$ cat protein.txt   # compact mmCIF, N, CA and C atoms
# COMPACT_ATOMS: atom_id res chain seq x y z
N MET A 2 -134.43 51.95 -172.26
CA MET A 2 -134.28 53.04 -173.19
C MET A 2 -132.84 53.04 -173.73
N ALA A 3 -132.71 53.24 -175.05
CA ALA A 3 -131.41 53.20 -175.70
C ALA A 3 -130.62 54.47 -175.41
N SER A 4 -129.32 54.30 -175.35
CA SER A 4 -128.46 55.45 -175.08
C SER A 4 -128.36 56.33 -176.33
N VAL A 5 -127.82 57.50 -176.14
CA VAL A 5 -127.65 58.44 -177.25
C VAL A 5 -126.71 57.85 -178.30
N ALA A 6 -125.66 57.21 -177.86
CA ALA A 6 -124.70 56.61 -178.79
C ALA A 6 -125.34 55.50 -179.60
N ALA A 7 -126.16 54.68 -178.96
CA ALA A 7 -126.83 53.60 -179.67
C ALA A 7 -127.80 54.14 -180.71
N ARG A 8 -128.52 55.20 -180.36
CA ARG A 8 -129.45 55.79 -181.33
C ARG A 8 -128.69 56.38 -182.52
N ARG A 9 -127.54 56.97 -182.23
CA ARG A 9 -126.73 57.55 -183.29
C ARG A 9 -126.24 56.46 -184.25
N VAL A 10 -125.82 55.34 -183.69
CA VAL A 10 -125.36 54.21 -184.51
C VAL A 10 -126.50 53.71 -185.39
N LEU A 11 -127.68 53.55 -184.80
CA LEU A 11 -128.83 53.08 -185.57
C LEU A 11 -129.21 54.08 -186.66
N ARG A 12 -129.19 55.37 -186.32
CA ARG A 12 -129.52 56.40 -187.30
C ARG A 12 -128.55 56.37 -188.47
N ASP A 13 -127.27 56.25 -188.18
CA ASP A 13 -126.27 56.22 -189.24
C ASP A 13 -126.41 54.97 -190.11
N ARG A 14 -126.75 53.85 -189.47
CA ARG A 14 -126.94 52.62 -190.24
C ARG A 14 -128.15 52.74 -191.16
N VAL A 15 -129.22 53.33 -190.68
CA VAL A 15 -130.42 53.53 -191.50
C VAL A 15 -130.11 54.43 -192.69
N ARG A 16 -129.36 55.50 -192.44
CA ARG A 16 -129.00 56.41 -193.53
C ARG A 16 -128.14 55.73 -194.58
N ALA A 17 -127.18 54.93 -194.14
CA ALA A 17 -126.31 54.22 -195.07
C ALA A 17 -127.11 53.21 -195.89
N ASN A 18 -128.00 52.47 -195.23
CA ASN A 18 -128.84 51.51 -195.94
C ASN A 18 -129.73 52.19 -196.96
N ARG A 19 -130.29 53.35 -196.58
CA ARG A 19 -131.15 54.10 -197.49
C ARG A 19 -130.37 54.57 -198.71
N ALA A 20 -129.16 55.05 -198.51
CA ALA A 20 -128.32 55.51 -199.61
C ALA A 20 -127.95 54.36 -200.55
N ASP A 21 -127.61 53.20 -199.98
CA ASP A 21 -127.28 52.03 -200.80
C ASP A 21 -128.50 51.58 -201.59
N SER A 22 -129.65 51.58 -200.97
CA SER A 22 -130.88 51.17 -201.64
C SER A 22 -131.22 52.12 -202.79
N THR A 23 -131.04 53.41 -202.58
CA THR A 23 -131.31 54.39 -203.63
C THR A 23 -130.41 54.16 -204.83
N LYS A 24 -129.13 53.89 -204.57
CA LYS A 24 -128.19 53.65 -205.66
C LYS A 24 -128.55 52.36 -206.41
N ARG A 25 -128.89 51.29 -205.67
CA ARG A 25 -129.26 50.03 -206.33
C ARG A 25 -130.50 50.19 -207.20
N ARG A 26 -131.49 50.95 -206.70
CA ARG A 26 -132.70 51.19 -207.50
C ARG A 26 -132.39 51.97 -208.77
N ALA A 27 -131.52 52.98 -208.68
CA ALA A 27 -131.16 53.78 -209.84
C ALA A 27 -130.45 52.94 -210.90
N VAL A 28 -129.55 52.07 -210.45
CA VAL A 28 -128.84 51.19 -211.39
C VAL A 28 -129.80 50.21 -212.04
N ALA A 29 -130.68 49.61 -211.26
CA ALA A 29 -131.65 48.65 -211.81
C ALA A 29 -132.60 49.33 -212.79
N HIS A 30 -133.04 50.54 -212.45
CA HIS A 30 -133.95 51.28 -213.32
C HIS A 30 -133.25 51.61 -214.65
N ALA A 31 -132.01 52.07 -214.59
CA ALA A 31 -131.26 52.39 -215.81
C ALA A 31 -131.03 51.14 -216.65
N ALA A 32 -130.70 50.02 -216.00
CA ALA A 32 -130.46 48.78 -216.73
C ALA A 32 -131.73 48.31 -217.45
N ARG A 33 -132.87 48.44 -216.77
CA ARG A 33 -134.13 48.05 -217.40
C ARG A 33 -134.43 48.95 -218.61
N ARG A 34 -134.19 50.23 -218.49
CA ARG A 34 -134.47 51.15 -219.58
C ARG A 34 -133.55 50.88 -220.77
N VAL A 35 -132.30 50.53 -220.50
CA VAL A 35 -131.36 50.24 -221.58
C VAL A 35 -131.78 48.98 -222.33
N ARG A 36 -132.31 47.99 -221.60
CA ARG A 36 -132.74 46.74 -222.26
C ARG A 36 -133.93 46.96 -223.17
N THR A 37 -134.76 47.96 -222.89
CA THR A 37 -136.00 48.12 -223.65
C THR A 37 -135.86 48.94 -224.91
N GLY A 38 -134.78 49.71 -225.06
CA GLY A 38 -134.65 50.50 -226.28
C GLY A 38 -133.47 51.44 -226.24
N ALA A 39 -133.43 52.33 -227.21
CA ALA A 39 -132.33 53.29 -227.32
C ALA A 39 -132.45 54.33 -226.20
N ARG A 40 -131.33 54.61 -225.54
CA ARG A 40 -131.30 55.57 -224.43
C ARG A 40 -130.06 56.44 -224.57
N SER A 41 -129.97 57.44 -223.72
CA SER A 41 -128.83 58.35 -223.76
C SER A 41 -127.57 57.63 -223.28
N LEU A 42 -126.43 58.22 -223.61
CA LEU A 42 -125.16 57.63 -223.16
C LEU A 42 -125.09 57.59 -221.64
N VAL A 43 -125.61 58.61 -220.99
CA VAL A 43 -125.58 58.65 -219.53
C VAL A 43 -126.35 57.48 -218.94
N THR A 44 -127.50 57.17 -219.51
CA THR A 44 -128.31 56.05 -219.00
C THR A 44 -127.56 54.72 -219.17
N HIS A 45 -126.90 54.55 -220.31
CA HIS A 45 -126.12 53.33 -220.53
C HIS A 45 -125.01 53.21 -219.49
N ILE A 46 -124.35 54.32 -219.19
CA ILE A 46 -123.25 54.29 -218.24
C ILE A 46 -123.77 54.08 -216.82
N MET A 47 -124.90 54.70 -216.49
CA MET A 47 -125.50 54.50 -215.16
C MET A 47 -125.85 53.04 -214.94
N ALA A 48 -126.23 52.34 -215.99
CA ALA A 48 -126.60 50.94 -215.87
C ALA A 48 -125.42 50.06 -215.48
N THR A 49 -124.20 50.56 -215.64
CA THR A 49 -123.01 49.81 -215.22
C THR A 49 -122.77 49.93 -213.73
N GLY A 50 -123.44 50.89 -213.06
CA GLY A 50 -123.29 51.06 -211.62
C GLY A 50 -122.21 52.04 -211.22
N ALA A 51 -121.74 52.86 -212.16
CA ALA A 51 -120.69 53.84 -211.86
C ALA A 51 -121.25 55.00 -211.04
N ASP A 52 -120.36 55.68 -210.31
CA ASP A 52 -120.80 56.84 -209.53
C ASP A 52 -120.99 58.06 -210.45
N ARG A 53 -121.55 59.12 -209.89
CA ARG A 53 -121.97 60.28 -210.68
C ARG A 53 -120.80 60.96 -211.41
N GLN A 54 -119.69 61.17 -210.74
CA GLN A 54 -118.55 61.83 -211.38
C GLN A 54 -117.99 60.99 -212.51
N THR A 55 -117.92 59.70 -212.33
CA THR A 55 -117.44 58.81 -213.38
C THR A 55 -118.39 58.82 -214.56
N VAL A 56 -119.69 58.81 -214.29
CA VAL A 56 -120.69 58.84 -215.36
C VAL A 56 -120.52 60.09 -216.21
N GLU A 57 -120.36 61.24 -215.56
CA GLU A 57 -120.23 62.49 -216.30
C GLU A 57 -118.96 62.51 -217.14
N GLY A 58 -117.84 62.04 -216.58
CA GLY A 58 -116.58 62.04 -217.31
C GLY A 58 -116.59 61.10 -218.50
N VAL A 59 -117.12 59.89 -218.29
CA VAL A 59 -117.15 58.91 -219.38
C VAL A 59 -118.14 59.35 -220.47
N ALA A 60 -119.26 59.94 -220.08
CA ALA A 60 -120.25 60.38 -221.07
C ALA A 60 -119.66 61.45 -221.97
N ASP A 61 -118.95 62.41 -221.41
CA ASP A 61 -118.32 63.44 -222.23
C ASP A 61 -117.32 62.83 -223.21
N ALA A 62 -116.53 61.90 -222.72
CA ALA A 62 -115.53 61.26 -223.58
C ALA A 62 -116.20 60.43 -224.68
N LEU A 63 -117.27 59.72 -224.34
CA LEU A 63 -117.95 58.89 -225.35
C LEU A 63 -118.64 59.75 -226.40
N ARG A 64 -119.16 60.90 -226.00
CA ARG A 64 -119.75 61.82 -226.99
C ARG A 64 -118.71 62.26 -228.02
N THR A 65 -117.50 62.56 -227.53
CA THR A 65 -116.42 62.96 -228.41
C THR A 65 -116.03 61.82 -229.36
N VAL A 66 -115.92 60.62 -228.82
CA VAL A 66 -115.57 59.46 -229.64
C VAL A 66 -116.66 59.19 -230.67
N ALA A 67 -117.92 59.32 -230.28
CA ALA A 67 -119.03 59.09 -231.21
C ALA A 67 -118.98 60.09 -232.37
N ARG A 68 -118.67 61.34 -232.04
CA ARG A 68 -118.57 62.36 -233.08
C ARG A 68 -117.44 62.02 -234.04
N LYS A 69 -116.30 61.58 -233.51
CA LYS A 69 -115.14 61.24 -234.35
C LYS A 69 -115.42 60.01 -235.21
N LYS A 70 -116.09 59.02 -234.63
CA LYS A 70 -116.39 57.78 -235.36
C LYS A 70 -117.56 57.93 -236.34
N GLY A 71 -118.35 58.99 -236.14
CA GLY A 71 -119.51 59.20 -237.01
C GLY A 71 -120.71 58.37 -236.63
N VAL A 72 -120.76 57.91 -235.38
CA VAL A 72 -121.90 57.13 -234.90
C VAL A 72 -123.01 58.12 -234.53
N LYS A 73 -124.11 58.02 -235.24
CA LYS A 73 -125.23 58.94 -235.00
C LYS A 73 -126.31 58.21 -234.22
N GLY A 74 -126.67 58.76 -233.11
CA GLY A 74 -127.78 58.22 -232.35
C GLY A 74 -129.09 58.69 -232.94
N ARG A 75 -130.17 58.13 -232.44
CA ARG A 75 -131.50 58.55 -232.89
C ARG A 75 -131.83 59.88 -232.22
N ARG A 76 -132.23 60.85 -233.01
CA ARG A 76 -132.53 62.17 -232.48
C ARG A 76 -133.88 62.17 -231.79
N ALA A 77 -133.96 62.85 -230.68
CA ALA A 77 -135.22 62.98 -229.95
C ALA A 77 -135.32 64.41 -229.44
N ARG A 78 -136.55 64.88 -229.23
CA ARG A 78 -136.79 66.22 -228.70
C ARG A 78 -137.43 66.07 -227.33
N ILE A 79 -136.88 66.77 -226.35
CA ILE A 79 -137.43 66.71 -225.01
C ILE A 79 -137.73 68.12 -224.54
N ARG A 80 -138.59 68.22 -223.55
CA ARG A 80 -138.88 69.51 -222.92
C ARG A 80 -138.38 69.44 -221.49
N ARG A 81 -137.48 70.36 -221.15
CA ARG A 81 -136.87 70.38 -219.83
C ARG A 81 -136.84 71.80 -219.31
N SER A 82 -136.56 71.94 -218.04
CA SER A 82 -136.33 73.26 -217.44
C SER A 82 -134.83 73.49 -217.39
N PHE A 83 -134.38 74.61 -217.94
CA PHE A 83 -132.97 74.97 -217.94
C PHE A 83 -132.82 76.38 -217.41
N ASP A 84 -132.03 76.55 -216.36
CA ASP A 84 -131.71 77.87 -215.81
C ASP A 84 -132.96 78.70 -215.55
N GLY A 85 -133.98 78.09 -215.02
CA GLY A 85 -135.20 78.81 -214.67
C GLY A 85 -136.20 78.92 -215.80
N ALA A 86 -135.79 78.65 -217.03
CA ALA A 86 -136.72 78.69 -218.16
C ALA A 86 -137.45 77.36 -218.23
N ARG A 87 -138.77 77.40 -218.32
CA ARG A 87 -139.56 76.18 -218.32
C ARG A 87 -139.92 75.76 -219.73
N ASN A 88 -140.05 74.45 -219.91
CA ASN A 88 -140.48 73.85 -221.18
C ASN A 88 -139.60 74.26 -222.35
N VAL A 89 -138.30 74.24 -222.14
CA VAL A 89 -137.35 74.51 -223.22
C VAL A 89 -137.21 73.23 -224.04
N VAL A 90 -137.36 73.35 -225.36
CA VAL A 90 -137.22 72.19 -226.23
C VAL A 90 -135.74 71.98 -226.51
N LYS A 91 -135.27 70.76 -226.27
CA LYS A 91 -133.86 70.44 -226.45
C LYS A 91 -133.75 69.18 -227.29
N THR A 92 -132.80 69.15 -228.20
CA THR A 92 -132.54 67.97 -229.01
C THR A 92 -131.51 67.11 -228.31
N VAL A 93 -131.83 65.83 -228.14
CA VAL A 93 -130.92 64.87 -227.51
C VAL A 93 -130.76 63.68 -228.45
N TYR A 94 -129.79 62.85 -228.15
CA TYR A 94 -129.52 61.68 -228.99
C TYR A 94 -129.58 60.43 -228.14
N ARG A 95 -130.22 59.41 -228.68
CA ARG A 95 -130.39 58.12 -228.00
C ARG A 95 -129.63 57.05 -228.78
N TYR A 96 -128.96 56.18 -228.06
CA TYR A 96 -128.12 55.15 -228.68
C TYR A 96 -128.57 53.76 -228.26
N THR A 97 -128.47 52.81 -229.18
CA THR A 97 -128.76 51.41 -228.87
C THR A 97 -127.55 50.80 -228.17
N ARG A 98 -127.73 49.62 -227.63
CA ARG A 98 -126.62 48.94 -226.96
C ARG A 98 -125.48 48.65 -227.92
N ALA A 99 -125.84 48.26 -229.16
CA ALA A 99 -124.81 47.96 -230.16
C ALA A 99 -123.99 49.21 -230.51
N GLN A 100 -124.66 50.34 -230.63
CA GLN A 100 -123.95 51.59 -230.93
C GLN A 100 -123.03 51.98 -229.77
N VAL A 101 -123.51 51.82 -228.55
CA VAL A 101 -122.69 52.16 -227.38
C VAL A 101 -121.48 51.23 -227.30
N ALA A 102 -121.66 49.95 -227.62
CA ALA A 102 -120.53 49.02 -227.61
C ALA A 102 -119.51 49.40 -228.68
N GLN A 103 -120.00 49.85 -229.82
CA GLN A 103 -119.11 50.29 -230.90
C GLN A 103 -118.32 51.53 -230.49
N ILE A 104 -118.99 52.47 -229.85
CA ILE A 104 -118.31 53.68 -229.38
C ILE A 104 -117.31 53.33 -228.28
N ALA A 105 -117.71 52.48 -227.34
CA ALA A 105 -116.83 52.11 -226.23
C ALA A 105 -115.61 51.34 -226.72
N ASP A 106 -115.75 50.59 -227.81
CA ASP A 106 -114.64 49.85 -228.36
C ASP A 106 -113.54 50.80 -228.85
N ALA A 107 -113.94 51.95 -229.39
CA ALA A 107 -112.97 52.92 -229.89
C ALA A 107 -112.44 53.83 -228.78
N TYR A 108 -113.04 53.78 -227.60
CA TYR A 108 -112.67 54.64 -226.48
C TYR A 108 -111.49 54.03 -225.72
N LYS A 109 -110.44 54.79 -225.53
CA LYS A 109 -109.25 54.31 -224.83
C LYS A 109 -109.00 55.16 -223.58
N PRO A 110 -109.64 54.80 -222.46
CA PRO A 110 -109.49 55.61 -221.24
C PRO A 110 -108.16 55.36 -220.54
N ARG A 111 -107.79 56.31 -219.67
CA ARG A 111 -106.57 56.17 -218.88
C ARG A 111 -106.87 55.82 -217.43
N LYS A 112 -107.94 56.39 -216.89
CA LYS A 112 -108.29 56.14 -215.49
C LYS A 112 -108.80 54.72 -215.29
N ALA A 113 -108.51 54.16 -214.15
CA ALA A 113 -108.92 52.78 -213.86
C ALA A 113 -110.44 52.65 -213.80
N GLU A 114 -111.13 53.66 -213.20
CA GLU A 114 -112.60 53.60 -213.12
C GLU A 114 -113.23 53.63 -214.50
N TYR A 115 -112.64 54.44 -215.39
CA TYR A 115 -113.18 54.55 -216.74
C TYR A 115 -112.96 53.26 -217.53
N LYS A 116 -111.84 52.58 -217.26
CA LYS A 116 -111.57 51.31 -217.93
C LYS A 116 -112.59 50.25 -217.53
N VAL A 117 -113.00 50.26 -216.25
CA VAL A 117 -114.01 49.31 -215.77
C VAL A 117 -115.33 49.56 -216.47
N VAL A 118 -115.72 50.84 -216.58
CA VAL A 118 -116.96 51.20 -217.26
C VAL A 118 -116.91 50.81 -218.73
N ARG A 119 -115.78 51.04 -219.38
CA ARG A 119 -115.62 50.69 -220.79
C ARG A 119 -115.82 49.18 -220.99
N ALA A 120 -115.22 48.38 -220.14
CA ALA A 120 -115.35 46.93 -220.24
C ALA A 120 -116.81 46.51 -220.07
N ALA A 121 -117.51 47.14 -219.14
CA ALA A 121 -118.92 46.81 -218.90
C ALA A 121 -119.78 47.21 -220.09
N LEU A 122 -119.47 48.33 -220.72
CA LEU A 122 -120.26 48.77 -221.89
C LEU A 122 -120.04 47.85 -223.08
N ILE A 123 -118.82 47.40 -223.26
CA ILE A 123 -118.54 46.49 -224.37
C ILE A 123 -119.21 45.14 -224.13
N ALA A 124 -119.19 44.67 -222.89
CA ALA A 124 -119.78 43.37 -222.56
C ALA A 124 -121.31 43.37 -222.66
N ALA A 125 -121.93 44.52 -222.46
CA ALA A 125 -123.40 44.59 -222.45
C ALA A 125 -123.98 44.50 -223.81
$ encode --input "protein.txt" --output "structure tokens"
Amino acid sequence: MASVAARRVLRDRVRANRADSTKRRAVAHAARRVRTGARSLVTHIMATGADRQTVEGVADALRTVARKKGVKGRRARIRRSFDGARNVVKTVYRYTRAQVAQIADAYKPRKAEYKVVRAALIAA
């Protein structure tokens, strides 16, 4: 019979592996979606493998740059739940890879993590 410490080590290893697997699946899923058509800026950034805080920061900055550059994504209407209200119709914008590369080219980040994401978006 395994000791308590050994079980704890195994449990922690399983949790870490599960977390890594979840992140890899999310990145692969986002990358596949980006290859098939126009997607949101967040999906494009997620496909680079960035963490959640970096994704949110870069997406906000890219939206601002897109507005300044005049790059218009394809408009789409979605139904989502917001603040307890169900089936709220919201207008969102979807961008192609070429549009995202154009926006990322004009984006000049300061943080090192954001620079890595910018390079990945331009290369894609």
$ closest_atom_pairs --input "protein.txt" --of "stretch 86-110 of chain A" --to "stretch 42-59 of chain A" --cutoff "6.5 Å" --atoms "only N, CA and C atoms" --output "CSV"
residue,atom,partner,partner_atom,distance
A:Tyr94,C,A:Leu42,N,5.9
A:Arg95,CA,A:Leu42,N,5.9
A:Tyr96,N,A:Leu42,N,5.5
$ residues_around --input "protein.txt" --residues "stretch 67-84 of chain A" --least-positions-apart "5" --cutoff "6.5 Å" --atoms "only N, CA and C atoms" --output "VMD selection string"
chain A and resid 62 89 to 97 104
$ atom_distance --input "protein.txt" --atom1 "atom C of A:Tyr115" --atom2 "atom C of A:Arg64"
15.0 Å
$ select_by_dssp --input "protein.txt" --residues "stretch 6-112 of chain A" --states "strand (DSSP E)" --output "PDB file with N, CA and C atoms, keeping the file's coordinate frame"
ATOM      1  N   ARG A  75    -130.170  58.130-232.440  1.00  0.00           N
ATOM      2  CA  ARG A  75    -131.500  58.550-232.890  1.00  0.00           C
ATOM      3  C   ARG A  75    -131.830  59.880-232.220  1.00  0.00           C
ATOM      4  N   ARG A  76    -132.230  60.850-233.010  1.00  0.00           N
ATOM      5  CA  ARG A  76    -132.530  62.170-232.480  1.00  0.00           C
ATOM      6  C   ARG A  76    -133.880  62.170-231.790  1.00  0.00           C
ATOM      7  N   ALA A  77    -133.960  62.850-230.680  1.00  0.00           N
ATOM      8  CA  ALA A  77    -135.220  62.980-229.950  1.00  0.00           C
ATOM      9  C   ALA A  77    -135.320  64.410-229.440  1.00  0.00           C
ATOM     10  N   ARG A  78    -136.550  64.880-229.230  1.00  0.00           N
ATOM     11  CA  ARG A  78    -136.790  66.220-228.700  1.00  0.00           C
ATOM     12  C   ARG A  78    -137.430  66.070-227.330  1.00  0.00           C
ATOM     13  N   ILE A  79    -136.880  66.770-226.350  1.00  0.00           N
ATOM     14  CA  ILE A  79    -137.430  66.710-225.010  1.00  0.00           C
ATOM     15  C   ILE A  79    -137.730  68.120-224.540  1.00  0.00           C
ATOM     16  N   ARG A  80    -138.590  68.220-223.550  1.00  0.00           N
ATOM     17  CA  ARG A  80    -138.880  69.510-222.920  1.00  0.00           C
ATOM     18  C   ARG A  80    -138.380  69.440-221.490  1.00  0.00           C
ATOM     19  N   ARG A  81    -137.480  70.360-221.150  1.00  0.00           N
ATOM     20  CA  ARG A  81    -136.870  70.380-219.830  1.00  0.00           C
ATOM     21  C   ARG A  81    -136.840  71.800-219.310  1.00  0.00           C
ATOM     22  N   SER A  82    -136.560  71.940-218.040  1.00  0.00           N
ATOM     23  CA  SER A  82    -136.330  73.260-217.440  1.00  0.00           C
ATOM     24  C   SER A  82    -134.830  73.490-217.390  1.00  0.00           C
ATOM     25  N   PHE A  83    -134.380  74.610-217.940  1.00  0.00           N
ATOM     26  CA  PHE A  83    -132.970  74.970-217.940  1.00  0.00           C
ATOM     27  C   PHE A  83    -132.820  76.380-217.410  1.00  0.00           C
ATOM     28  N   ALA A  86    -135.790  78.650-217.030  1.00  0.00           N
ATOM     29  CA  ALA A  86    -136.720  78.690-218.160  1.00  0.00           C
ATOM     30  C   ALA A  86    -137.450  77.360-218.230  1.00  0.00           C
ATOM     31  N   ARG A  87    -138.770  77.400-218.320  1.00  0.00           N
ATOM     32  CA  ARG A  87    -139.560  76.180-218.320  1.00  0.00           C
ATOM     33  C   ARG A  87    -139.920  75.760-219.730  1.00  0.00           C
ATOM     34  N   ASN A  88    -140.050  74.450-219.910  1.00  0.00           N
ATOM     35  CA  ASN A  88    -140.480  73.850-221.180  1.00  0.00           C
ATOM     36  C   ASN A  88    -139.600  74.260-222.350  1.00  0.00           C
ATOM     37  N   VAL A  89    -138.300  74.240-222.140  1.00  0.00           N
ATOM     38  CA  VAL A  89    -137.350  74.510-223.220  1.00  0.00           C
ATOM     39  C   VAL A  89    -137.210  73.230-224.040  1.00  0.00           C
ATOM     40  N   VAL A  90    -137.360  73.350-225.360  1.00  0.00           N
ATOM     41  CA  VAL A  90    -137.220  72.190-226.230  1.00  0.00           C
ATOM     42  C   VAL A  90    -135.740  71.980-226.510  1.00  0.00           C
ATOM     43  N   LYS A  91    -135.270  70.760-226.270  1.00  0.00           N
ATOM     44  CA  LYS A  91    -133.860  70.440-226.450  1.00  0.00           C
ATOM     45  C   LYS A  91    -133.750  69.180-227.290  1.00  0.00           C
ATOM     46  N   THR A  92    -132.800  69.150-228.200  1.00  0.00           N
ATOM     47  CA  THR A  92    -132.540  67.970-229.010  1.00  0.00           C
ATOM     48  C   THR A  92    -131.510  67.110-228.310  1.00  0.00           C
ATOM     49  N   VAL A  93    -131.830  65.830-228.140  1.00  0.00           N
ATOM     50  CA  VAL A  93    -130.920  64.870-227.510  1.00  0.00           C
ATOM     51  C   VAL A  93    -130.760  63.680-228.450  1.00  0.00           C
ATOM     52  N   TYR A  94    -129.790  62.850-228.150  1.00  0.00           N
ATOM     53  CA  TYR A  94    -129.520  61.680-228.990  1.00  0.00           C
ATOM     54  C   TYR A  94    -129.580  60.430-228.140  1.00  0.00           C
ATOM     55  N   ARG A  95    -130.220  59.410-228.680  1.00  0.00           N
ATOM     56  CA  ARG A  95    -130.390  58.120-228.000  1.00  0.00           C
ATOM     57  C   ARG A  95    -129.630  57.050-228.780  1.00  0.00           C
TER      58      ARG A  95
END
$ atom_distance --input "protein.txt" --atom1 "atom CA of A:Arg98" --atom2 "atom CA of A:Ala39"
7.2 Å
$ select_by_dssp --input "protein.txt" --residues "stretch 57-97 of chain A" --states "alpha helix (DSSP H)" --output "list of chain:residue names"
A:Glu57, A:Gly58, A:Val59, A:Ala60, A:Asp61, A:Ala62, A:Leu63, A:Arg64, A:Thr65, A:Val66, A:Ala67, A:Arg68, A:Lys69, A:Lys70
$ residues_around --input "protein.txt" --residues "A:Ala105" --least-positions-apart "6" --cutoff "7 Å" --atoms "only N, CA and C atoms" --output "list in words"
Leu63, Arg119, Leu122 and Ile123 of chain A
$ atom_distance --input "protein.txt" --atom1 "atom N of A:Asn88" --atom2 "atom N of A:Arg25"
29.4 Å
$ closest_residue --input "protein.txt" --among "A:Ala102, A:Ala113, A:Val15, A:Ala107" --to "A:Ala125" --atoms "only N, CA and C atoms"
A:Ala102
